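Raw contents of input-v8.txt, compact mmCIF, C-alpha atoms:
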```txt
# COMPACT_ATOMS: atom_id res chain seq x y z
CA MET A 1 19.68 -30.62 3.98
CA THR A 2 21.67 -27.82 5.59
CA LEU A 3 22.45 -24.93 3.32
CA PRO A 4 25.67 -22.93 3.63
CA ARG A 5 25.30 -19.52 5.19
CA ALA A 6 24.11 -16.80 2.78
CA GLN A 7 22.47 -19.39 0.53
CA THR A 8 18.92 -20.63 0.21
CA LEU A 9 16.81 -22.58 -2.22
CA ILE A 10 14.04 -21.01 -4.27
CA HIS A 11 11.74 -23.72 -5.56
CA GLY A 12 10.42 -23.61 -9.10
CA GLY A 13 6.78 -24.40 -8.44
CA GLU A 14 5.78 -27.92 -9.48
CA ASN A 15 9.05 -28.62 -11.27
CA PRO A 16 11.78 -29.56 -8.76
CA MET A 17 14.40 -29.40 -11.50
CA ARG A 18 13.98 -25.62 -11.60
CA THR A 19 15.05 -25.27 -7.98
CA ARG A 20 17.95 -22.86 -7.79
CA THR A 21 20.34 -21.48 -5.21
CA ILE A 22 20.37 -17.76 -4.48
CA GLN A 23 23.17 -15.98 -2.68
CA ASP A 24 21.35 -13.79 -0.17
CA ALA A 25 22.21 -13.43 3.50
CA ASP A 26 18.81 -11.90 4.21
CA ILE A 27 16.69 -14.87 3.10
CA LEU A 28 14.96 -16.59 6.00
CA ASN A 29 16.92 -19.34 7.68
CA GLU A 30 15.27 -22.69 6.98
CA HIS A 31 15.24 -23.65 10.66
CA ASP A 32 13.66 -20.59 12.28
CA ALA A 33 11.53 -19.41 9.33
CA PRO A 34 8.33 -21.35 10.18
CA ALA A 35 8.30 -20.26 13.82
CA ARG A 36 8.94 -16.59 13.01
CA LEU A 37 6.40 -16.51 10.20
CA ASP A 38 3.80 -18.31 12.31
CA ALA A 39 4.23 -15.79 15.12
CA ALA A 40 3.90 -12.84 12.75
CA ALA A 41 0.92 -14.43 10.99
CA GLU A 42 -0.83 -14.98 14.33
CA THR A 43 -0.23 -11.38 15.40
CA PHE A 44 -1.58 -9.88 12.20
CA ALA A 45 -4.50 -12.29 12.05
CA THR A 46 -5.50 -10.80 15.40
CA VAL A 47 -4.95 -7.30 13.97
CA LYS A 48 -7.21 -8.15 11.02
CA LYS A 49 -9.89 -9.58 13.30
CA ARG A 50 -9.79 -6.51 15.57
CA LEU A 51 -10.16 -4.21 12.57
CA GLY A 52 -13.15 -6.24 11.36
CA GLN A 53 -14.90 -5.62 14.69
CA VAL A 54 -14.86 -1.87 13.99
CA ILE A 55 -14.96 -1.66 10.18
CA PHE A 56 -17.94 -3.63 8.84
CA GLY A 57 -18.25 -5.23 5.42
CA GLN A 58 -14.82 -4.20 4.15
CA ASP A 59 -12.77 -7.37 4.51
CA ASP A 60 -10.94 -6.91 1.20
CA VAL A 61 -10.14 -3.28 2.02
CA ILE A 62 -8.78 -4.27 5.44
CA GLU A 63 -6.66 -7.03 3.92
CA GLN A 64 -5.25 -4.78 1.19
CA SER A 65 -4.50 -2.02 3.71
CA LEU A 66 -2.57 -4.47 5.90
CA VAL A 67 -0.77 -5.83 2.84
CA THR A 68 0.27 -2.27 1.98
CA LEU A 69 1.73 -1.67 5.43
CA LEU A 70 3.41 -5.08 5.68
CA ALA A 71 5.01 -4.50 2.28
CA GLY A 72 6.34 -1.14 3.46
CA GLY A 73 4.34 0.89 0.93
CA HIS A 74 1.66 3.55 0.64
CA GLY A 75 -1.99 3.07 -0.32
CA LEU A 76 -4.56 5.09 -2.28
CA LEU A 77 -8.10 4.56 -0.96
CA ILE A 78 -10.78 5.44 -3.52
CA GLY A 79 -14.43 5.49 -2.54
CA VAL A 80 -17.47 7.71 -2.11
CA PRO A 81 -17.98 9.55 1.19
CA GLY A 82 -19.27 7.63 4.20
CA LEU A 83 -17.54 4.28 3.62
CA ALA A 84 -15.29 4.46 6.72
CA LYS A 85 -12.03 5.36 4.96
CA THR A 86 -11.06 7.81 7.70
CA LYS A 87 -12.27 5.41 10.38
CA LEU A 88 -10.13 2.66 8.86
CA VAL A 89 -6.94 4.73 9.05
CA GLU A 90 -7.67 5.83 12.62
CA THR A 91 -8.38 2.24 13.68
CA LEU A 92 -5.24 0.95 11.95
CA ALA A 93 -3.16 3.43 13.93
CA ILE A 94 -4.73 2.36 17.23
CA VAL A 95 -4.49 -1.39 16.60
CA LEU A 96 -0.89 -1.21 15.35
CA GLY A 97 0.19 1.29 18.02
CA LEU A 98 1.31 3.89 15.47
CA ASP A 99 1.54 7.64 15.78
CA THR A 100 -0.83 9.22 13.29
CA ASN A 101 -1.71 12.57 11.76
CA ARG A 102 -4.38 13.66 9.31
CA ILE A 103 -4.14 16.34 6.62
CA GLN A 104 -7.32 17.63 4.99
CA PHE A 105 -6.18 18.63 1.49
CA THR A 106 -7.67 21.87 0.16
CA PRO A 107 -6.77 24.14 -2.79
CA ASP A 108 -5.08 26.68 -0.51
CA LEU A 109 -2.91 24.10 1.31
CA MET A 110 0.78 24.97 0.97
CA PRO A 111 3.79 22.59 0.89
CA THR A 112 5.04 23.98 4.22
CA ASP A 113 1.69 23.06 5.78
CA ILE A 114 2.75 19.46 5.20
CA THR A 115 6.52 19.43 5.62
CA GLY A 116 6.95 22.13 8.24
CA SER A 117 8.74 25.47 8.18
CA GLU A 118 11.41 27.56 9.86
CA VAL A 119 10.54 30.30 12.32
CA MET A 120 12.85 32.92 13.78
CA GLU A 121 13.30 32.86 17.52
CA GLU A 122 15.06 35.32 19.79
CA SER A 123 16.87 34.04 22.85
CA ALA A 124 17.04 35.77 26.25
CA ALA A 125 20.49 36.99 25.27
CA GLY A 126 19.07 38.76 22.25
CA THR A 127 20.48 36.42 19.60
CA ARG A 128 18.22 35.33 16.79
CA ALA A 129 18.17 31.98 15.04
CA PHE A 130 15.89 29.93 12.86
CA ARG A 131 14.23 26.84 14.30
CA PHE A 132 12.53 24.17 12.22
CA ILE A 133 9.01 23.23 13.29
CA GLN A 134 7.99 19.82 12.00
CA GLY A 135 4.85 19.51 9.93
CA PRO A 136 2.24 16.74 10.15
CA VAL A 137 4.24 14.58 7.73
CA PHE A 138 6.52 13.67 10.63
CA THR A 139 4.48 10.73 11.83
CA GLN A 140 4.27 6.97 11.35
CA LEU A 141 0.87 6.77 9.65
CA LEU A 142 -0.34 9.79 7.73
CA MET A 143 -3.84 10.15 6.32
CA ALA A 144 -3.92 12.42 3.27
CA ASP A 145 -7.63 13.11 3.00
CA GLU A 146 -8.86 14.00 -0.51
CA ILE A 147 -5.34 14.34 -1.82
CA ASN A 148 -6.55 15.44 -5.26
CA ARG A 149 -8.02 18.69 -3.87
CA ALA A 150 -4.58 20.26 -3.30
CA SER A 151 -2.50 21.92 -6.01
CA PRO A 152 0.16 19.88 -7.86
CA ARG A 153 2.86 21.81 -5.99
CA THR A 154 1.48 20.68 -2.64
CA GLN A 155 0.87 17.13 -3.85
CA SER A 156 4.51 16.94 -4.95
CA ALA A 157 5.72 17.93 -1.48
CA LEU A 158 3.96 14.92 0.04
CA LEU A 159 4.81 12.52 -2.75
CA GLN A 160 8.49 13.44 -2.54
CA ALA A 161 8.43 12.66 1.17
CA MET A 162 6.76 9.33 0.38
CA GLN A 163 9.52 8.37 -2.03
CA GLU A 164 12.60 9.86 -0.38
CA LYS A 165 11.59 9.38 3.30
CA HIS A 166 12.88 12.86 4.11
CA VAL A 167 12.04 16.53 3.51
CA THR A 168 14.33 19.43 2.66
CA VAL A 169 13.62 22.88 4.09
CA ALA A 170 15.95 25.84 3.51
CA GLY A 171 18.64 23.47 2.25
CA ALA A 172 18.59 21.29 5.38
CA ARG A 173 17.51 17.65 5.30
CA TYR A 174 15.12 16.27 7.91
CA ASP A 175 14.57 12.50 7.98
CA LEU A 176 11.11 11.08 8.50
CA PRO A 177 10.46 8.29 11.04
CA ARG A 178 11.79 4.88 10.08
CA LEU A 179 8.21 3.64 9.93
CA PHE A 180 6.40 6.03 7.58
CA HIS A 181 3.28 5.19 5.59
CA VAL A 182 0.72 7.30 3.77
CA LEU A 183 -2.87 6.25 3.20
CA ALA A 184 -4.43 8.82 0.86
CA THR A 185 -8.11 9.08 -0.06
CA GLN A 186 -9.96 10.26 -3.14
CA ASN A 187 -13.64 10.73 -3.95
CA PRO A 188 -14.26 9.29 -7.45
CA LEU A 189 -17.50 11.20 -7.97
CA GLU A 190 -16.87 14.90 -7.46
CA GLN A 191 -14.10 16.18 -9.74
CA GLU A 192 -14.84 19.93 -9.73
CA GLY A 193 -12.01 21.88 -8.12
CA THR A 194 -9.66 18.91 -8.02
CA TYR A 195 -6.20 18.26 -9.46
CA ALA A 196 -5.81 14.73 -10.78
CA LEU A 197 -2.62 13.02 -9.65
CA PRO A 198 -0.20 12.57 -12.59
CA GLU A 199 0.69 9.03 -13.61
CA ALA A 200 4.21 9.33 -12.21
CA GLN A 201 2.79 10.25 -8.80
CA LEU A 202 0.12 7.54 -8.84
CA ASP A 203 2.93 5.05 -9.40
CA ARG A 204 4.29 5.90 -5.94
CA PHE A 205 1.33 4.15 -4.33
CA LEU A 206 1.87 0.44 -3.85
CA LEU A 207 -1.85 -0.39 -4.14
CA GLN A 208 -5.01 1.35 -5.25
CA ILE A 209 -7.64 0.16 -2.79
CA ASP A 210 -11.19 0.56 -4.09
CA VAL A 211 -13.66 0.94 -1.23
CA GLY A 212 -17.16 -0.27 -2.13
CA TYR A 213 -20.49 -0.44 -0.34
CA PRO A 214 -20.91 -3.06 2.42
CA ASP A 215 -23.21 -6.01 1.84
CA LEU A 216 -26.69 -6.16 3.40
CA GLU A 217 -25.78 -8.21 6.45
CA SER A 218 -22.68 -6.11 7.22
CA GLU A 219 -24.67 -2.89 6.93
CA ARG A 220 -27.29 -4.31 9.29
CA ARG A 221 -24.59 -5.17 11.86
CA MET A 222 -23.08 -1.72 11.44
CA LEU A 223 -26.42 -0.04 12.14
CA LEU A 224 -26.93 -2.05 15.33
CA ALA A 225 -23.36 -1.54 16.51
CA THR A 226 -23.18 2.20 15.92
CA THR A 227 -26.64 3.43 16.90
CA MET A 228 -27.54 1.30 19.91
CA GLY A 229 -25.54 1.80 23.06
CA GLU A 230 -21.82 2.45 23.11
CA GLU A 231 -19.75 1.70 20.02
CA VAL A 232 -17.04 -0.94 20.21
CA GLY A 233 -13.68 0.80 20.28
CA ALA A 234 -10.38 -0.43 18.92
CA SER A 235 -7.50 -1.47 21.15
CA ARG A 236 -3.82 -2.00 20.51
CA VAL A 237 -2.72 -5.45 19.39
CA CYS A 238 0.96 -4.91 18.56
CA THR A 239 3.69 -2.27 18.53
CA PRO A 240 5.53 -0.44 15.75
CA ASP A 241 8.49 -2.77 16.35
CA ASP A 242 6.26 -5.75 15.56
CA LEU A 243 5.35 -4.15 12.23
CA ILE A 244 9.00 -3.41 11.44
CA SER A 245 9.91 -7.04 12.19
CA ALA A 246 7.07 -8.31 10.00
CA GLN A 247 8.17 -6.05 7.15
CA ALA A 248 11.66 -7.53 7.41
CA LEU A 249 10.20 -11.04 7.27
CA VAL A 250 8.17 -10.15 4.17
CA ARG A 251 11.29 -9.04 2.31
CA ARG A 252 13.08 -12.26 3.22
CA MET A 253 10.35 -14.68 2.14
CA PRO A 254 11.32 -16.91 -0.81
CA VAL A 255 9.45 -16.52 -4.08
CA GLY A 256 9.12 -19.43 -6.49
CA GLU A 257 10.14 -19.20 -10.12
CA LYS A 258 6.57 -19.90 -11.20
CA VAL A 259 5.28 -16.92 -9.22
CA MET A 260 8.05 -14.65 -10.49
CA GLU A 261 7.38 -15.65 -14.10
CA SER A 262 3.66 -14.99 -13.57
CA ILE A 263 4.43 -11.48 -12.35
CA LEU A 264 6.67 -10.73 -15.32
CA LYS A 265 4.21 -12.13 -17.85
CA LEU A 266 1.28 -10.20 -16.41
CA VAL A 267 3.07 -6.86 -16.09
CA ARG A 268 4.65 -7.05 -19.54
CA ALA A 269 1.35 -8.08 -21.16
CA ALA A 270 -0.30 -4.97 -19.69
CA ARG A 271 1.95 -2.61 -21.69
CA PRO A 272 1.01 -0.97 -25.01
CA ASP A 273 3.92 -2.62 -26.86
CA SER A 274 2.74 -6.10 -25.85
CA ASP A 275 1.82 -8.43 -28.70
CA HIS A 276 -0.66 -10.30 -26.51
CA ASP A 277 -3.91 -10.97 -28.37
CA GLU A 278 -6.06 -10.09 -25.36
CA THR A 279 -4.80 -6.49 -25.09
CA ARG A 280 -3.67 -5.53 -28.60
CA GLY A 281 -4.82 -1.97 -29.28
CA LEU A 282 -6.55 -1.61 -25.88
CA ILE A 283 -3.81 -0.02 -23.75
CA ALA A 284 -2.53 3.55 -24.07
CA TRP A 285 0.14 3.28 -21.38
CA GLY A 286 0.99 0.51 -18.96
CA PRO A 287 2.85 -0.42 -15.80
CA GLY A 288 6.59 -0.02 -15.40
CA PRO A 289 9.05 -2.09 -13.35
CA ARG A 290 7.70 -0.59 -10.13
CA ALA A 291 4.54 -2.66 -10.68
CA SER A 292 6.62 -5.85 -10.69
CA GLN A 293 8.27 -4.77 -7.45
CA ALA A 294 4.84 -4.06 -5.96
CA PHE A 295 3.66 -7.56 -6.90
CA MET A 296 6.72 -9.18 -5.31
CA LEU A 297 6.27 -7.37 -2.00
CA ALA A 298 2.47 -7.44 -1.83
CA ALA A 299 2.25 -11.15 -2.70
CA ARG A 300 4.67 -11.98 0.12
CA ALA A 301 2.74 -9.79 2.55
CA ARG A 302 -0.54 -11.47 1.59
CA ALA A 303 1.06 -14.89 2.10
CA LEU A 304 2.22 -13.86 5.57
CA LEU A 305 -1.29 -12.66 6.45
CA ASP A 306 -2.54 -16.08 5.34
CA GLY A 307 0.06 -17.91 7.42
CA ARG A 308 1.89 -19.34 4.38
CA LEU A 309 5.66 -19.63 3.99
CA ALA A 310 5.69 -18.39 0.38
CA PRO A 311 3.33 -16.66 -2.07
CA SER A 312 1.47 -18.44 -4.87
CA THR A 313 -0.06 -17.43 -8.20
CA ASP A 314 -3.39 -17.07 -6.37
CA ASP A 315 -1.88 -14.06 -4.61
CA ILE A 316 -0.94 -12.53 -7.97
CA VAL A 317 -4.50 -12.95 -9.26
CA ALA A 318 -5.97 -11.44 -6.09
CA LEU A 319 -3.60 -8.46 -6.20
CA ALA A 320 -3.69 -7.82 -9.97
CA GLY A 321 -6.42 -5.19 -9.68
CA PRO A 322 -4.97 -3.19 -6.75
CA VAL A 323 -1.46 -3.24 -8.26
CA LEU A 324 -2.34 -2.45 -11.89
CA ARG A 325 -5.51 -0.30 -11.80
CA HIS A 326 -3.68 3.00 -11.27
CA ARG A 327 -0.67 2.08 -13.41
CA MET A 328 -2.36 1.70 -16.79
CA ALA A 329 -4.85 3.51 -19.02
CA LEU A 330 -6.95 2.34 -21.94
CA SER A 331 -6.75 3.71 -25.45
CA PHE A 332 -9.48 5.95 -26.86
CA SER A 333 -10.81 3.17 -29.06
CA ALA A 334 -11.04 0.80 -26.08
CA ARG A 335 -12.96 3.36 -24.02
CA ALA A 336 -15.24 4.06 -26.97
CA GLU A 337 -16.13 0.38 -27.06
CA GLY A 338 -17.03 0.44 -23.37
CA ALA A 339 -14.00 -1.48 -22.09
CA THR A 340 -12.75 -0.80 -18.56
CA THR A 341 -9.37 -1.24 -16.92
CA VAL A 342 -10.82 -3.83 -14.54
CA GLN A 343 -12.14 -5.90 -17.47
CA VAL A 344 -8.77 -5.81 -19.23
CA ILE A 345 -6.92 -6.89 -16.07
CA GLU A 346 -9.37 -9.76 -15.48
CA LYS A 347 -8.99 -10.85 -19.11
CA LEU A 348 -5.20 -10.91 -18.76
CA CYS A 349 -5.39 -12.92 -15.53
CA ARG A 350 -7.64 -15.54 -17.13
CA ALA A 351 -5.36 -15.82 -20.16
CA LEU A 352 -2.01 -15.85 -18.38
CA LEU A 353 -2.60 -17.21 -14.87
```

Structure encoded using structure tokens:
Amino acid sequence: MTLPRAQTLIHGGENPMRTRTIQDADILNEHDAPARLDAAAETFATVKKRLGQVIFGQDDVIEQSLVTLLAGGHGLLIGVPGLAKTKLVETLAIVLGLDTNRIQFTPDLMPTDITGSEVMEESAAGTRAFRFIQGPVFTQLLMADEINRASPRTQSALLQAMQEKHVTVAGARYDLPRLFHVLATQNPLEQEGTYALPEAQLDRFLLQIDVGYPDLESERRMLLATTMGEEVGASRVCTPDDLISAQALVRRMPVGEKVMESILKLVRAARPDSDHDETRGLIAWGPGPRASQAFMLAARARALLDGRLAPSTDDIVALAGPVLRHRMALSFSARAEGATTVQVIEKLCRALL
């Protein structure tokens, strides 16, 4: 069947009667979609493999980081020191061919240390004028190391840039690069001298990526690879244009009604006003509509990484933790009983999906 231009079919899961037509000129054309998606999937499968040759025992972290970038979002990496968070960001930049900068957040870091500032210059003719000097935020992939160590004022300068994709200095607007992503890190152990990110700022991150310890075999391979002879270095697999094209494909992938309903049910059940039996009285505050948007984009990106033409409910289950962990908090009574956010999310997934 040939669809008219600007129309496509979104299939309703196992029920063909729920198939509906959506007016959207950006949806993938039914004829070239498989070839374009296959090419992108092959490219980023190579990217994932190349990352795995440098970062050992962190397959889920690598996948979620790539999902974040393919979905056009920002990621919050949480893990104790020494788990290759910085190495991951550096390797991502090399493999994807991205410009990168790193900011080490400290209590005395100022907003202008991130965004840039104006300096006065005097020309040979004696005239004086202000010139804007760009800060490290003007890059394609920015690592915000230990973001919770800077003051709220400084955090806000970065988080505004993340949301608005531009900075304003002395009343003048300066646009960031078209491709702009932030991967921020936090240490969950040491909290002295830190400033916890407010809920509204945490919501700006597409995924919270928890970085755990590698398994025994991966740690053994890491020891051999990093202490005997020369370490294996990363090499470029694709270009920034390839990432931009893949991001466009992700946004044009069709999403079935069953998947969309799963997203809505899960997000709405994770709110304090939900009447769901599994969470009644457990949640103090829950995810807003931005969580649903994160699910839609991240599920498509994960499907592309897997070489599939559309996401499934399995993607929603796999992404439930990274999408919801930083967008909800448990009530005092739930914490007193020993419940955790992860347990509540898993309980909701079992009940609803």

Find the nearest atom pair between each residue of region 30-122 of chain A and region 231-240 of chain A for residues within 10 Å, count all atoms listed in the file, give distances in Å to one decimal, sort rows by chain and ascending number, and present the table as JSON lines.
```
{"residue": "A:Thr43", "atom": "CA", "partner": "A:Cys238", "partner_atom": "CA", "distance": 7.3}
{"residue": "A:Phe44", "atom": "CA", "partner": "A:Cys238", "partner_atom": "CA", "distance": 8.5}
{"residue": "A:Thr46", "atom": "CA", "partner": "A:Val237", "partner_atom": "CA", "distance": 7.2}
{"residue": "A:Val47", "atom": "CA", "partner": "A:Val237", "partner_atom": "CA", "distance": 6.1}
{"residue": "A:Lys48", "atom": "CA", "partner": "A:Val237", "partner_atom": "CA", "distance": 9.9}
{"residue": "A:Arg50", "atom": "CA", "partner": "A:Ala234", "partner_atom": "CA", "distance": 7.0}
{"residue": "A:Leu51", "atom": "CA", "partner": "A:Ala234", "partner_atom": "CA", "distance": 7.4}
{"residue": "A:Gly52", "atom": "CA", "partner": "A:Ala234", "partner_atom": "CA", "distance": 9.9}
{"residue": "A:Gln53", "atom": "CA", "partner": "A:Val232", "partner_atom": "CA", "distance": 7.5}
{"residue": "A:Val54", "atom": "CA", "partner": "A:Val232", "partner_atom": "CA", "distance": 6.7}
{"residue": "A:Ile55", "atom": "CA", "partner": "A:Ala234", "partner_atom": "CA", "distance": 9.9}
{"residue": "A:Glu90", "atom": "CA", "partner": "A:Ala234", "partner_atom": "CA", "distance": 9.3}
{"residue": "A:Thr91", "atom": "CA", "partner": "A:Ala234", "partner_atom": "CA", "distance": 6.2}
{"residue": "A:Leu92", "atom": "CA", "partner": "A:Ala234", "partner_atom": "CA", "distance": 8.8}
{"residue": "A:Ala93", "atom": "CA", "partner": "A:Arg236", "partner_atom": "CA", "distance": 8.6}
{"residue": "A:Ile94", "atom": "CA", "partner": "A:Arg236", "partner_atom": "CA", "distance": 5.5}
{"residue": "A:Val95", "atom": "CA", "partner": "A:Arg236", "partner_atom": "CA", "distance": 4.0}
{"residue": "A:Leu96", "atom": "CA", "partner": "A:Cys238", "partner_atom": "CA", "distance": 5.2}
{"residue": "A:Gly97", "atom": "CA", "partner": "A:Thr239", "partner_atom": "CA", "distance": 5.0}
{"residue": "A:Leu98", "atom": "CA", "partner": "A:Pro240", "partner_atom": "CA", "distance": 6.1}
{"residue": "A:Asp99", "atom": "CA", "partner": "A:Pro240", "partner_atom": "CA", "distance": 9.0}
```

Using the selection just defined, write its residues with C-alpha atoms as an mmCIF file, in the coordinates of the input.
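This went into result_10.cif:
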```
data_model
loop_
_atom_site.group_PDB
_atom_site.id
_atom_site.type_symbol
_atom_site.label_atom_id
_atom_site.label_comp_id
_atom_site.auth_asym_id
_atom_site.auth_seq_id
_atom_site.Cartn_x
_atom_site.Cartn_y
_atom_site.Cartn_z
ATOM 1 C CA THR A 43 -0.230 -11.380 15.400
ATOM 2 C CA PHE A 44 -1.580 -9.880 12.200
ATOM 3 C CA THR A 46 -5.500 -10.800 15.400
ATOM 4 C CA VAL A 47 -4.950 -7.300 13.970
ATOM 5 C CA LYS A 48 -7.210 -8.150 11.020
ATOM 6 C CA ARG A 50 -9.790 -6.510 15.570
ATOM 7 C CA LEU A 51 -10.160 -4.210 12.570
ATOM 8 C CA GLY A 52 -13.150 -6.240 11.360
ATOM 9 C CA GLN A 53 -14.900 -5.620 14.690
ATOM 10 C CA VAL A 54 -14.860 -1.870 13.990
ATOM 11 C CA ILE A 55 -14.960 -1.660 10.180
ATOM 12 C CA GLU A 90 -7.670 5.830 12.620
ATOM 13 C CA THR A 91 -8.380 2.240 13.680
ATOM 14 C CA LEU A 92 -5.240 0.950 11.950
ATOM 15 C CA ALA A 93 -3.160 3.430 13.930
ATOM 16 C CA ILE A 94 -4.730 2.360 17.230
ATOM 17 C CA VAL A 95 -4.490 -1.390 16.600
ATOM 18 C CA LEU A 96 -0.890 -1.210 15.350
ATOM 19 C CA GLY A 97 0.190 1.290 18.020
ATOM 20 C CA LEU A 98 1.310 3.890 15.470
ATOM 21 C CA ASP A 99 1.540 7.640 15.780
#
```

* Asked: Using all atoms listed in the file, which residues sit within 12 Å of Ala200 (chain A) once same-chain residues fewer than 5 positions away are excluded, as a ChimeraX atom specification?
  -> /A:155-156,159-160,163,205,285-288,290,326-328

What are the closest atom pairs, with distances in Å to one decimal, for each residue of region 258-280 of chain A lying within 10 Å of region 298-311 of chain A, using all atoms listed in the file, rows by chain and rising residue number, as a tab-separated table?
```
residue	atom	partner	partner_atom	distance
A:Val259	CA	A:Pro311	CA	7.4
A:Met260	CA	A:Pro311	CA	9.9
A:Ile263	CA	A:Ala299	CA	9.9
```

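Protein and nucleic acid residues near (1.2, 15.9, 7.1) are Asn101, Arg102, Ile103, Ile114, Thr115, Gly135, Pro136, Val137, Phe138 and Leu142 of chain A, the criterion being any atom at most 7 Å away using only C-alpha atoms.
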
* CA of Thr100 (chain A) and CA of Pro214 (chain A) are how many Å apart? -> 25.9 Å

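Distances from A:Phe295, A:Phe180, A:Tyr213, A:Tyr195 to Pro107 (chain A) were compared using all atoms listed in the file, and the smallest one belongs to A:Tyr195.
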
* Asked: Pick the closest to Val323 (chain A) from A:Ile133, A:Val67, A:Ala84, A:Leu249: which is it, counting all atoms listed in the file?
  -> A:Val67

* List the neighbours of Ala246 (chain A) out to 8 Å using only C-alpha atoms; skip same-chain residues closer than 4 positions along the sequence, and give me the result as a list of chain:residue names. =>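 Once the nearby chain positions are removed, what remains is A:Ala40, A:Leu70, A:Asp242, A:Val250.
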
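In terms of minimum interatomic distance to Arg149 (chain A), A:Ala184 ranks closest within A:Ala184, A:Ile62, A:Leu83, A:Leu330, counting all atoms listed in the file.
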
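Comparing the minimum interatomic distances between Ala33 (chain A) and each of A:Arg335, A:Arg325, A:Arg252, A:Arg153, counting only C-alpha atoms, we find that A:Arg252 sits nearest.
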
Find the residues around Thr279 (chain A) up to 10 Å (only C-alpha atoms counted), leave out those fewer than 6 positions away in its own chain, and share them as an mmCIF file with C-alpha atoms, in the frame of the given file.
```
data_model
loop_
_atom_site.group_PDB
_atom_site.id
_atom_site.type_symbol
_atom_site.label_atom_id
_atom_site.label_comp_id
_atom_site.auth_asym_id
_atom_site.auth_seq_id
_atom_site.Cartn_x
_atom_site.Cartn_y
_atom_site.Cartn_z
ATOM 1 C CA ALA A 269 1.350 -8.080 -21.160
ATOM 2 C CA ALA A 270 -0.300 -4.970 -19.690
ATOM 3 C CA ARG A 271 1.950 -2.610 -21.690
ATOM 4 C CA PRO A 272 1.010 -0.970 -25.010
ATOM 5 C CA ASP A 273 3.920 -2.620 -26.860
ATOM 6 C CA LEU A 330 -6.950 2.340 -21.940
ATOM 7 C CA ALA A 334 -11.040 0.800 -26.080
ATOM 8 C CA VAL A 344 -8.770 -5.810 -19.230
ATOM 9 C CA ILE A 345 -6.920 -6.890 -16.070
ATOM 10 C CA LYS A 347 -8.990 -10.850 -19.110
ATOM 11 C CA LEU A 348 -5.200 -10.910 -18.760
#
```

Report, as lines of an AutoDock Vina configuration file, the centre and edge lengths in Å (one decimal) of the axis-aligned box enclosing every listed atom of region 76-88 of chain A, padded by 8 Å on each side.
```
center_x = -11.9
center_y = 6.1
center_z = 3.4
size_x = 30.7
size_y = 22.9
size_z = 29.9
```

* Which protein, DNA or RNA residues are at most 8 Å from (1.7, -15.8, -16.8) in the file's coordinates when you count all atoms listed in the file, listed as a PyMOL selection string? -> chain A and resi 261-266+349+351-353

* **Atom-to-atom span, CA of Gln186 (chain A) and CA of Glu146 (chain A), Å** => 4.7 Å

* Determine, counting all atoms listed in the file, which protein, DNA and RNA residues have an atom within 10 Å of an atom of Gly212 (chain A); residues of the same chain fewer than 4 positions away are not included. Present the result as a VMD selection string. => chain A and resid 57 to 58 60 to 61 78 to 80 83

Quick one: write out the picked residues with C-alpha atoms as a PDB file, in the coordinates of the input?
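For reference, out_26.pdb as written:
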```pdb
ATOM      1  CA  GLY A  57     -18.250  -5.230   5.420  1.00  0.00           C
ATOM      2  CA  GLN A  58     -14.820  -4.200   4.150  1.00  0.00           C
ATOM      3  CA  ASP A  60     -10.940  -6.910   1.200  1.00  0.00           C
ATOM      4  CA  VAL A  61     -10.140  -3.280   2.020  1.00  0.00           C
ATOM      5  CA  ILE A  78     -10.780   5.440  -3.520  1.00  0.00           C
ATOM      6  CA  GLY A  79     -14.430   5.490  -2.540  1.00  0.00           C
ATOM      7  CA  VAL A  80     -17.470   7.710  -2.110  1.00  0.00           C
ATOM      8  CA  LEU A  83     -17.540   4.280   3.620  1.00  0.00           C
TER       9      LEU A  83
END
```

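Considering all atoms listed in the file, the residue among A:Met162, A:Met228, A:Ala125, A:Leu197 positioned nearest to Ala150 (chain A) is A:Leu197.
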
* How many Å separate CA of Ala144 (chain A) from CA of Ala71 (chain A)? ->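 Straight-line distance from CA of Ala144 (chain A) to CA of Ala71 (chain A) works out to 19.2 Å.
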
* Counting all atoms listed in the file, the residue of A:Pro188, A:Gly256, A:Pro152, A:Gly171 that sits nearest Leu77 (chain A) ->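 Nearest to Leu77 (chain A): A:Pro188.
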